[in-house]
file target32.pdb (PDB, C-alpha atoms)
ATOM      1  CA  MET A  16       2.308   0.910  18.778  1.00  0.00           C
ATOM      2  CA  ASN A  17       3.587   1.590  15.288  1.00  0.00           C
ATOM      3  CA  ASP A  18       1.221   1.772  12.346  1.00  0.00           C
ATOM      4  CA  TYR A  19       2.435  -0.286   9.414  1.00  0.00           C
ATOM      5  CA  ILE A  20       1.249   0.164   5.827  1.00  0.00           C
ATOM      6  CA  HIS A  21       1.458  -2.733   3.365  1.00  0.00           C
ATOM      7  CA  ILE A  22       3.240  -1.487   0.230  1.00  0.00           C
ATOM      8  CA  GLY A  23       4.029  -4.624  -1.753  1.00  0.00           C
ATOM      9  CA  LYS A  24       6.060  -7.795  -1.742  1.00  0.00           C
ATOM     10  CA  ILE A  25       9.437  -9.258  -2.569  1.00  0.00           C
ATOM     11  CA  VAL A  26       9.222 -11.024  -5.920  1.00  0.00           C
ATOM     12  CA  ALA A  27      12.759 -12.250  -6.644  1.00  0.00           C
ATOM     13  CA  ALA A  28      16.410 -12.327  -5.725  1.00  0.00           C
ATOM     14  CA  PHE A  29      18.569 -10.120  -7.949  1.00  0.00           C
ATOM     15  CA  GLY A  30      22.224 -10.873  -8.650  1.00  0.00           C
ATOM     16  CA  VAL A  31      24.477 -12.832  -6.294  1.00  0.00           C
ATOM     17  CA  LYS A  32      25.080 -10.291  -3.516  1.00  0.00           C
ATOM     18  CA  GLY A  33      21.691 -10.647  -1.792  1.00  0.00           C
ATOM     19  CA  GLU A  34      19.724  -7.914  -3.519  1.00  0.00           C
ATOM     20  CA  ILE A  35      15.964  -8.335  -3.886  1.00  0.00           C
ATOM     21  CA  ILE A  36      13.347  -7.033  -6.288  1.00  0.00           C
ATOM     22  CA  LEU A  37      10.499  -5.355  -4.428  1.00  0.00           C
ATOM     23  CA  THR A  38       7.227  -4.648  -6.226  1.00  0.00           C
ATOM     24  CA  HIS A  39       5.270  -1.854  -4.591  1.00  0.00           C
ATOM     25  CA  SER A  40       2.141   0.225  -5.108  1.00  0.00           C
ATOM     26  CA  LEU A  41       3.589   3.601  -4.113  1.00  0.00           C
ATOM     27  CA  GLY A  42       2.608   5.067  -7.476  1.00  0.00           C
ATOM     28  CA  LYS A  43       6.029   6.455  -8.383  1.00  0.00           C
ATOM     29  CA  LYS A  44       9.645   5.450  -8.780  1.00  0.00           C
ATOM     30  CA  SER A  45      11.057   5.015  -5.306  1.00  0.00           C
ATOM     31  CA  SER A  46      14.593   4.561  -4.056  1.00  0.00           C
ATOM     32  CA  PHE A  47      13.367   4.763  -0.450  1.00  0.00           C
ATOM     33  CA  THR A  48      15.416   7.857   0.353  1.00  0.00           C
ATOM     34  CA  GLY A  49      15.211   8.555   4.088  1.00  0.00           C
ATOM     35  CA  VAL A  50      13.764   5.120   4.890  1.00  0.00           C
ATOM     36  CA  LYS A  51      15.898   3.298   7.443  1.00  0.00           C
ATOM     37  CA  ALA A  52      14.020  -0.016   7.444  1.00  0.00           C
ATOM     38  CA  LEU A  53      11.546  -2.056   5.464  1.00  0.00           C
ATOM     39  CA  PHE A  54       9.443  -4.464   7.504  1.00  0.00           C
ATOM     40  CA  VAL A  55       9.137  -7.967   6.086  1.00  0.00           C
ATOM     41  CA  GLU A  56       6.285 -10.196   7.216  1.00  0.00           C
ATOM     42  CA  GLU A  57       8.163 -13.489   7.399  1.00  0.00           C
ATOM     43  CA  VAL A  58       5.469 -14.999   9.639  1.00  0.00           C
ATOM     44  CA  LYS A  59       1.844 -13.783   9.608  1.00  0.00           C
ATOM     45  CA  GLY A  60       1.555 -10.732  11.879  1.00  0.00           C
ATOM     46  CA  SER A  61       5.300 -10.250  12.385  1.00  0.00           C
ATOM     47  CA  TYR A  62       7.053  -7.158  11.096  1.00  0.00           C
ATOM     48  CA  ILE A  63      10.770  -7.927  10.986  1.00  0.00           C
ATOM     49  CA  PRO A  64      12.838  -4.802  10.313  1.00  0.00           C
ATOM     50  CA  TYR A  65      15.459  -5.059   7.595  1.00  0.00           C
ATOM     51  CA  PHE A  66      17.706  -2.036   7.309  1.00  0.00           C
ATOM     52  CA  VAL A  67      18.107  -0.631   3.809  1.00  0.00           C
ATOM     53  CA  GLU A  68      21.720  -0.477   2.603  1.00  0.00           C
ATOM     54  CA  THR A  69      20.939   0.662  -0.946  1.00  0.00           C
ATOM     55  CA  ALA A  70      17.873   0.962  -3.150  1.00  0.00           C
ATOM     56  CA  LYS A  71      17.616   1.742  -6.839  1.00  0.00           C
ATOM     57  CA  ALA A  72      14.296   2.408  -8.545  1.00  0.00           C
ATOM     58  CA  LYS A  73      13.862   0.210 -11.585  1.00  0.00           C
ATOM     59  CA  ASP A  74      10.480   1.654 -12.664  1.00  0.00           C
ATOM     60  CA  GLN A  75       7.140   2.831 -11.213  1.00  0.00           C
ATOM     61  CA  VAL A  76       6.490  -0.486  -9.454  1.00  0.00           C
ATOM     62  CA  GLU A  77       9.862  -2.162  -8.912  1.00  0.00           C
ATOM     63  CA  THR A  78      12.870  -1.268  -6.821  1.00  0.00           C
ATOM     64  CA  ILE A  79      16.077  -3.248  -6.391  1.00  0.00           C
ATOM     65  CA  VAL A  80      16.962  -3.220  -2.701  1.00  0.00           C
ATOM     66  CA  LYS A  81      20.004  -4.403  -0.743  1.00  0.00           C
ATOM     67  CA  LEU A  82      19.056  -5.229   2.836  1.00  0.00           C
ATOM     68  CA  GLU A  83      21.531  -5.384   5.694  1.00  0.00           C
ATOM     69  CA  GLY A  84      22.354  -8.979   6.632  1.00  0.00           C
ATOM     70  CA  VAL A  85      21.084 -10.435   3.355  1.00  0.00           C
ATOM     71  CA  ASN A  86      24.341 -11.139   1.529  1.00  0.00           C
ATOM     72  CA  THR A  87      23.731 -14.142  -0.719  1.00  0.00           C
ATOM     73  CA  LYS A  88      21.343 -15.034  -3.504  1.00  0.00           C
ATOM     74  CA  GLU A  89      20.019 -17.872  -1.307  1.00  0.00           C
ATOM     75  CA  ALA A  90      19.302 -15.544   1.631  1.00  0.00           C
ATOM     76  CA  ALA A  91      17.481 -13.170  -0.727  1.00  0.00           C
ATOM     77  CA  ALA A  92      15.500 -16.037  -2.288  1.00  0.00           C
ATOM     78  CA  ARG A  93      14.279 -17.042   1.207  1.00  0.00           C
ATOM     79  CA  LEU A  94      12.365 -13.725   1.297  1.00  0.00           C
ATOM     80  CA  ASN A  95      10.531 -14.336  -2.007  1.00  0.00           C
ATOM     81  CA  THR A  96       6.766 -13.655  -1.903  1.00  0.00           C
ATOM     82  CA  LYS A  97       6.985 -12.079   1.575  1.00  0.00           C
ATOM     83  CA  PRO A  98       4.825  -8.984   2.144  1.00  0.00           C
ATOM     84  CA  VAL A  99       6.655  -5.709   2.793  1.00  0.00           C
ATOM     85  CA  TRP A 100       5.455  -2.919   5.059  1.00  0.00           C
ATOM     86  CA  LEU A 101       6.560   0.637   5.898  1.00  0.00           C
ATOM     87  CA  LEU A 102       5.984   2.694   8.997  1.00  0.00           C
ATOM     88  CA  ASP A 103       3.128   5.133   8.397  1.00  0.00           C
ATOM     89  CA  ALA A 104       5.424   8.190   8.505  1.00  0.00           C
ATOM     90  CA  ASP A 105       7.796   6.654   5.921  1.00  0.00           C
ATOM     91  CA  PHE A 106       4.830   5.604   3.793  1.00  0.00           C
ATOM     92  CA  ARG A 107       3.436   9.154   3.698  1.00  0.00           C
ATOM     93  CA  ASN A 108       6.846  10.422   2.491  1.00  0.00           C
ATOM     94  CA  GLN A 109       7.224   7.721  -0.170  1.00  0.00           C
ATOM     95  CA  ALA A 110       3.734   7.382  -1.679  1.00  0.00           C
ATOM     96  CA  GLY A 111       2.991   9.259  -4.873  1.00  0.00           C
ATOM     97  CA  LYS A 112       0.397  11.984  -4.416  1.00  0.00           C
ATOM     98  CA  ASP A 113      -1.833  10.509  -7.124  1.00  0.00           C
ATOM     99  CA  ALA A 114      -1.332   6.849  -6.183  1.00  0.00           C
ATOM    100  CA  PRO A 115      -4.511   5.132  -5.004  1.00  0.00           C
ATOM    101  CA  ILE A 116      -2.665   3.809  -1.942  1.00  0.00           C
ATOM    102  CA  SER A 117      -2.171   7.398  -0.764  1.00  0.00           C
ATOM    103  CA  LEU A 118      -5.916   7.430   0.087  1.00  0.00           C
ATOM    104  CA  LEU A 119      -5.373   5.159   3.105  1.00  0.00           C
ATOM    105  CA  GLY A 120      -6.865   6.765   6.198  1.00  0.00           C
ATOM    106  CA  TYR A 121      -9.010   9.232   4.239  1.00  0.00           C
ATOM    107  CA  GLU A 122     -12.718   9.433   5.142  1.00  0.00           C
ATOM    108  CA  LEU A 123     -15.071   8.018   2.490  1.00  0.00           C
ATOM    109  CA  ILE A 124     -18.134  10.237   1.935  1.00  0.00           C
ATOM    110  CA  THR A 125     -21.127   9.375  -0.271  1.00  0.00           C
ATOM    111  CA  ASP A 126     -23.014  11.843  -2.474  1.00  0.00           C
ATOM    112  CA  GLU A 127     -25.713  11.834   0.229  1.00  0.00           C
ATOM    113  CA  ASP A 128     -23.174  13.153   2.781  1.00  0.00           C
ATOM    114  CA  GLU A 129     -22.955   9.813   4.590  1.00  0.00           C
ATOM    115  CA  ASN A 130     -19.528   9.238   6.149  1.00  0.00           C
ATOM    116  CA  LEU A 131     -18.688   5.567   5.611  1.00  0.00           C
ATOM    117  CA  GLY A 132     -15.561   5.839   7.781  1.00  0.00           C
ATOM    118  CA  PRO A 133     -11.842   5.707   7.134  1.00  0.00           C
ATOM    119  CA  ILE A 134     -10.377   3.812   4.186  1.00  0.00           C
ATOM    120  CA  LEU A 135      -8.629   0.808   5.741  1.00  0.00           C
ATOM    121  CA  GLU A 136      -7.194  -0.787   2.625  1.00  0.00           C
ATOM    122  CA  VAL A 137      -6.803   0.020  -1.066  1.00  0.00           C
ATOM    123  CA  ILE A 138      -7.030  -2.958  -3.430  1.00  0.00           C
ATOM    124  CA  GLU A 139      -5.831  -2.202  -6.945  1.00  0.00           C
ATOM    125  CA  GLN A 140      -7.391  -4.241  -9.741  1.00  0.00           C
ATOM    126  CA  PRO A 141      -6.872  -3.920 -13.516  1.00  0.00           C
ATOM    127  CA  HIS A 142      -9.959  -1.768 -14.233  1.00  0.00           C
ATOM    128  CA  GLN A 143     -10.828  -0.295 -10.863  1.00  0.00           C
ATOM    129  CA  VAL A 144      -9.707   0.284  -7.327  1.00  0.00           C
ATOM    130  CA  LEU A 145     -11.601  -1.120  -4.330  1.00  0.00           C
ATOM    131  CA  LEU A 146     -11.651   0.815  -1.068  1.00  0.00           C
ATOM    132  CA  GLN A 147     -12.154  -1.230   2.083  1.00  0.00           C
ATOM    133  CA  VAL A 148     -14.114   0.353   4.941  1.00  0.00           C
ATOM    134  CA  LEU A 149     -15.909  -1.045   7.979  1.00  0.00           C
ATOM    135  CA  LEU A 150     -19.636  -0.560   7.578  1.00  0.00           C
ATOM    136  CA  GLU A 151     -21.609  -1.401  10.711  1.00  0.00           C
ATOM    137  CA  GLY A 152     -18.785  -3.721  11.768  1.00  0.00           C
ATOM    138  CA  LYS A 153     -18.594  -5.526   8.418  1.00  0.00           C
ATOM    139  CA  GLU A 154     -15.948  -5.245   5.734  1.00  0.00           C
ATOM    140  CA  ALA A 155     -17.315  -3.344   2.740  1.00  0.00           C
ATOM    141  CA  LEU A 156     -15.555  -2.997  -0.609  1.00  0.00           C
ATOM    142  CA  ILE A 157     -16.426   0.203  -2.446  1.00  0.00           C
ATOM    143  CA  PRO A 158     -15.460   0.503  -6.144  1.00  0.00           C
ATOM    144  CA  LEU A 159     -13.533   3.596  -7.135  1.00  0.00           C
ATOM    145  CA  HIS A 160     -13.325   4.507 -10.816  1.00  0.00           C
ATOM    146  CA  GLN A 161     -14.323   7.313 -13.187  1.00  0.00           C
ATOM    147  CA  GLU A 162     -18.049   6.826 -12.695  1.00  0.00           C
ATOM    148  CA  THR A 163     -18.007   6.696  -8.879  1.00  0.00           C
ATOM    149  CA  LEU A 164     -15.312   9.225  -7.920  1.00  0.00           C
ATOM    150  CA  ASP A 165     -16.658  12.746  -7.449  1.00  0.00           C
ATOM    151  CA  LYS A 166     -13.614  14.427  -5.892  1.00  0.00           C
ATOM    152  CA  ILE A 167     -10.707  14.016  -3.515  1.00  0.00           C
ATOM    153  CA  ASP A 168     -10.105  16.692  -0.884  1.00  0.00           C
ATOM    154  CA  ARG A 169      -6.477  16.052   0.079  1.00  0.00           C
ATOM    155  CA  LYS A 170      -6.414  18.879   2.624  1.00  0.00           C
ATOM    156  CA  ALA A 171      -9.424  17.527   4.557  1.00  0.00           C
ATOM    157  CA  LYS A 172      -8.423  13.910   3.772  1.00  0.00           C
ATOM    158  CA  LYS A 173     -11.812  13.018   2.289  1.00  0.00           C
ATOM    159  CA  VAL A 174     -12.869  11.040  -0.775  1.00  0.00           C
ATOM    160  CA  PHE A 175     -16.316  11.838  -2.191  1.00  0.00           C
ATOM    161  CA  VAL A 176     -18.099   9.129  -4.199  1.00  0.00           C
ATOM    162  CA  SER A 177     -21.432   8.550  -5.978  1.00  0.00           C
ATOM    163  CA  LEU A 178     -22.404   4.925  -5.449  1.00  0.00           C
ATOM    164  CA  PRO A 179     -24.818   2.786  -7.459  1.00  0.00           C
ATOM    165  CA  ASP A 180     -28.260   2.365  -5.876  1.00  0.00           C
ATOM    166  CA  GLY A 181     -28.388  -0.547  -3.470  1.00  0.00           C
ATOM    167  CA  LEU A 182     -24.609  -1.106  -3.195  1.00  0.00           C
ATOM    168  CA  LEU A 183     -24.472  -0.286   0.523  1.00  0.00           C
ATOM    169  CA  ASP A 184     -27.590  -2.429   1.176  1.00  0.00           C
ATOM    170  CA  VAL A 185     -25.488  -5.493   0.368  1.00  0.00           C
ATOM    171  CA  TYR A 186     -23.350  -4.770   3.453  1.00  0.00           C
ATOM    172  CA  ARG A 187     -26.176  -3.836   5.843  1.00  0.00           C
TER     173      ARG A 187
END
call {"tool": "encode", "arguments": {"input": "target32.pdb", "output": "structure tokens"}}
result
Amino acid sequence: MNDYIHIGKIVAAFGVKGEIILTHSLGKKSSFTGVKALFVEEVKGSYIPYFVETAKAKDQVETIVKLEGVNTKEAAARLNTKPVWLLDADFRNQAGKDAPISLLGYELITDEDENLGPILEVIEQPHQVLLQVLLEGKEALIPLHQETLDKIDRKAKKVFVSLPDGLLDVYR
């Protein structure tokens, strides 16, 4: 079983030769060097591989990509708004070291040394980042910003946070 990591979505067709604009949260310019395929979720739960012919980074969040078999503007437009995923190994090579999404899979530890479990999803919002963990079988969203982040131990793959009193009680 492959592990897929959600990195963004297709937002528009580009040009007339079937190129697409992919917005991603990798935290750096990415031309997907070394990535053979992007996985497009055309139907919920399906990861259809599309082989990358070319990719050119536009900026920190957008890349123009030409996918094999997508050769017209209409074919590219059919993929608009579809979520895009990478294999975990490709994701680890592409994600920026300081990008919030790079924290996926890290253990979340409170200032009271309580391990809340692995970070399952990173939700980026304008003024903060939310880290999703499973707390006693329930989805819990933990805010991550200047006031709550104590440190990140990249070697041990741990994120240390100081949480407001009572936050975890909401999920228990």
call {"tool": "axis_aligned_box", "arguments": {"input": "target32.pdb", "around": "range 140-151 of chain A", "padding_each_side": "5 Å", "output": "AutoDock Vina command-line options"}}
result
--center_x -14.2 --center_y -1.7 --center_z -1.8 --size_x 24.7 --size_y 15.1 --size_z 34.9
call {"tool": "resolve_selection", "arguments": {"input": "target32.pdb", "expression": "the PyMOL selection byres ((chain A and resi 101-116) around 8)", "output": "mmCIF file with C-alpha atoms, keeping the file's coordinate frame"}}
result
data_model
loop_
_atom_site.group_PDB
_atom_site.id
_atom_site.type_symbol
_atom_site.label_atom_id
_atom_site.label_comp_id
_atom_site.auth_asym_id
_atom_site.auth_seq_id
_atom_site.Cartn_x
_atom_site.Cartn_y
_atom_site.Cartn_z
ATOM 1 C CA ASN A 17 3.587 1.590 15.288
ATOM 2 C CA ASP A 18 1.221 1.772 12.346
ATOM 3 C CA TYR A 19 2.435 -0.286 9.414
ATOM 4 C CA ILE A 20 1.249 0.164 5.827
ATOM 5 C CA HIS A 21 1.458 -2.733 3.365
ATOM 6 C CA ILE A 22 3.240 -1.487 0.230
ATOM 7 C CA SER A 40 2.141 0.225 -5.108
ATOM 8 C CA LEU A 41 3.589 3.601 -4.113
ATOM 9 C CA GLY A 42 2.608 5.067 -7.476
ATOM 10 C CA LYS A 43 6.029 6.455 -8.383
ATOM 11 C CA SER A 45 11.057 5.015 -5.306
ATOM 12 C CA PHE A 47 13.367 4.763 -0.450
ATOM 13 C CA GLY A 49 15.211 8.555 4.088
ATOM 14 C CA VAL A 50 13.764 5.120 4.890
ATOM 15 C CA ALA A 52 14.020 -0.016 7.444
ATOM 16 C CA LEU A 53 11.546 -2.056 5.464
ATOM 17 C CA PHE A 54 9.443 -4.464 7.504
ATOM 18 C CA VAL A 99 6.655 -5.709 2.793
ATOM 19 C CA TRP A 100 5.455 -2.919 5.059
ATOM 20 C CA SER A 117 -2.171 7.398 -0.764
ATOM 21 C CA LEU A 118 -5.916 7.430 0.087
ATOM 22 C CA LEU A 119 -5.373 5.159 3.105
ATOM 23 C CA GLU A 136 -7.194 -0.787 2.625
ATOM 24 C CA VAL A 137 -6.803 0.020 -1.066
ATOM 25 C CA GLU A 139 -5.831 -2.202 -6.945
ATOM 26 C CA VAL A 144 -9.707 0.284 -7.327
#
call {"tool": "resolve_selection", "arguments": {"input": "target32.pdb", "expression": "the PyMOL selection byres ((chain A and resi 78-83) around 10)", "output": "ChimeraX atom specification"}}
result
/A:25,27-29,32-39,44-47,52-53,64-77,84-86,91
call {"tool": "write_last_selection", "arguments": {"input": "target32.pdb", "atoms": "C-alpha atoms", "output": "tab-separated table (two decimals), keeping the file's coordinate frame"}}
result
chain	number	residue	atom	x	y	z
A	25	ILE	CA	9.44	-9.26	-2.57
A	27	ALA	CA	12.76	-12.25	-6.64
A	28	ALA	CA	16.41	-12.33	-5.72
A	29	PHE	CA	18.57	-10.12	-7.95
A	32	LYS	CA	25.08	-10.29	-3.52
A	33	GLY	CA	21.69	-10.65	-1.79
A	34	GLU	CA	19.72	-7.91	-3.52
A	35	ILE	CA	15.96	-8.34	-3.89
A	36	ILE	CA	13.35	-7.03	-6.29
A	37	LEU	CA	10.50	-5.36	-4.43
A	38	THR	CA	7.23	-4.65	-6.23
A	39	HIS	CA	5.27	-1.85	-4.59
A	44	LYS	CA	9.64	5.45	-8.78
A	45	SER	CA	11.06	5.01	-5.31
A	46	SER	CA	14.59	4.56	-4.06
A	47	PHE	CA	13.37	4.76	-0.45
A	52	ALA	CA	14.02	-0.02	7.44
A	53	LEU	CA	11.55	-2.06	5.46
A	64	PRO	CA	12.84	-4.80	10.31
A	65	TYR	CA	15.46	-5.06	7.60
A	66	PHE	CA	17.71	-2.04	7.31
A	67	VAL	CA	18.11	-0.63	3.81
A	68	GLU	CA	21.72	-0.48	2.60
A	69	THR	CA	20.94	0.66	-0.95
A	70	ALA	CA	17.87	0.96	-3.15
A	71	LYS	CA	17.62	1.74	-6.84
A	72	ALA	CA	14.30	2.41	-8.54
A	73	LYS	CA	13.86	0.21	-11.58
A	74	ASP	CA	10.48	1.65	-12.66
A	75	GLN	CA	7.14	2.83	-11.21
A	76	VAL	CA	6.49	-0.49	-9.45
A	77	GLU	CA	9.86	-2.16	-8.91
A	84	GLY	CA	22.35	-8.98	6.63
A	85	VAL	CA	21.08	-10.44	3.36
A	86	ASN	CA	24.34	-11.14	1.53
A	91	ALA	CA	17.48	-13.17	-0.73
call {"tool": "residues_around", "arguments": {"input": "target32.pdb", "residues": "Leu149 in chain A", "least_positions_apart": "6", "cutoff": "9 Å", "atoms": "only C-alpha atoms", "output": "PyMOL selection string"}}
result
chain A and resi 131-135+155-156
call {"tool": "resolve_selection", "arguments": {"input": "target32.pdb", "expression": "the PyMOL selection byres ((chain A and resi 128) around 12)", "output": "compact mmCIF listing (two decimals) with C-alpha atoms, keeping the file's coordinate frame"}}
result
# COMPACT_ATOMS: atom_id res chain seq x y z
CA GLU A 122 -12.72 9.43 5.14
CA LEU A 123 -15.07 8.02 2.49
CA ILE A 124 -18.13 10.24 1.94
CA THR A 125 -21.13 9.38 -0.27
CA ASP A 126 -23.01 11.84 -2.47
CA GLU A 127 -25.71 11.83 0.23
CA GLU A 129 -22.96 9.81 4.59
CA ASN A 130 -19.53 9.24 6.15
CA LEU A 131 -18.69 5.57 5.61
CA GLY A 132 -15.56 5.84 7.78
CA LYS A 173 -11.81 13.02 2.29
CA VAL A 174 -12.87 11.04 -0.78
CA PHE A 175 -16.32 11.84 -2.19
CA VAL A 176 -18.10 9.13 -4.20
CA SER A 177 -21.43 8.55 -5.98
CA LEU A 178 -22.40 4.92 -5.45
call {"tool": "closest_residue", "arguments": {"input": "target32.pdb", "among": "A:Ile138, A:Val26, A:Leu150, A:Val58", "to": "Tyr186 in chain A", "atoms": "all atoms listed in the file"}}
result
A:Leu150
call {"tool": "atom_distance", "arguments": {"input": "target32.pdb", "atom1": "CA of Gly120 in chain A", "atom2": "CA of Gln140 in chain A"}}
result
19.4 Å
call {"tool": "atom_distance", "arguments": {"input": "target32.pdb", "atom1": "CA of Lys166 in chain A", "atom2": "CA of Pro179 in chain A"}}
result
16.2 Å
call {"tool": "atom_distance", "arguments": {"input": "target32.pdb", "atom1": "CA of Leu146 in chain A", "atom2": "CA of Arg169 in chain A"}}
result
16.1 Å
call {"tool": "closest_residue", "arguments": {"input": "target32.pdb", "among": "A:Ala92, A:Pro98, A:Ala171, A:Thr48", "to": "Gly60 in chain A", "atoms": "all atoms listed in the file"}}
result
A:Pro98
call {"tool": "closest_residue", "arguments": {"input": "target32.pdb", "among": "A:Leu145, A:Val185, A:Tyr121, A:Glu154", "to": "Lys172 in chain A", "atoms": "all atoms listed in the file"}}
result
A:Tyr121
call {"tool": "build_atoms", "arguments": {"input": "target32.pdb", "residues": "range 100-116 of chain A", "atoms": "N, CA and C atoms", "output": "compact mmCIF listing (two decimals), keeping the file's coordinate frame"}}
result
# COMPACT_ATOMS: atom_id res chain seq x y z
N TRP A 100 6.19 -4.00 4.41
CA TRP A 100 5.46 -2.92 5.06
C TRP A 100 6.40 -1.75 5.36
N LEU A 101 5.83 -0.56 5.47
CA LEU A 101 6.56 0.64 5.90
C LEU A 101 5.86 1.21 7.12
N LEU A 102 6.61 1.92 7.93
CA LEU A 102 5.98 2.69 9.00
C LEU A 102 5.14 3.78 8.34
N ASP A 103 4.05 4.15 8.97
CA ASP A 103 3.13 5.13 8.40
C ASP A 103 3.84 6.41 7.98
N ALA A 104 4.73 6.93 8.83
CA ALA A 104 5.42 8.19 8.51
C ALA A 104 6.28 8.03 7.24
N ASP A 105 7.00 6.91 7.12
CA ASP A 105 7.80 6.65 5.92
C ASP A 105 6.89 6.49 4.70
N PHE A 106 5.77 5.80 4.88
CA PHE A 106 4.83 5.60 3.79
C PHE A 106 4.34 6.94 3.24
N ARG A 107 3.96 7.85 4.13
CA ARG A 107 3.44 9.15 3.70
C ARG A 107 4.48 9.92 2.90
N ASN A 108 5.78 9.74 3.23
CA ASN A 108 6.85 10.42 2.49
C ASN A 108 7.14 9.77 1.14
N GLN A 109 6.86 8.47 1.03
CA GLN A 109 7.22 7.72 -0.17
C GLN A 109 6.10 7.61 -1.20
N ALA A 110 4.86 7.60 -0.76
CA ALA A 110 3.73 7.38 -1.68
C ALA A 110 3.55 8.55 -2.63
N GLY A 111 3.29 8.23 -3.88
CA GLY A 111 2.99 9.26 -4.87
C GLY A 111 1.67 9.92 -4.54
N LYS A 112 1.60 11.22 -4.76
CA LYS A 112 0.40 11.98 -4.42
C LYS A 112 -0.85 11.45 -5.13
N ASP A 113 -0.69 10.98 -6.35
CA ASP A 113 -1.83 10.51 -7.12
C ASP A 113 -2.02 8.99 -7.07
N ALA A 114 -1.20 8.30 -6.30
CA ALA A 114 -1.33 6.85 -6.18
C ALA A 114 -2.56 6.50 -5.35
N PRO A 115 -3.34 5.52 -5.79
CA PRO A 115 -4.51 5.13 -5.00
C PRO A 115 -4.18 4.80 -3.55
N ILE A 116 -3.03 4.20 -3.30
CA ILE A 116 -2.66 3.81 -1.94
C ILE A 116 -2.52 5.02 -1.02
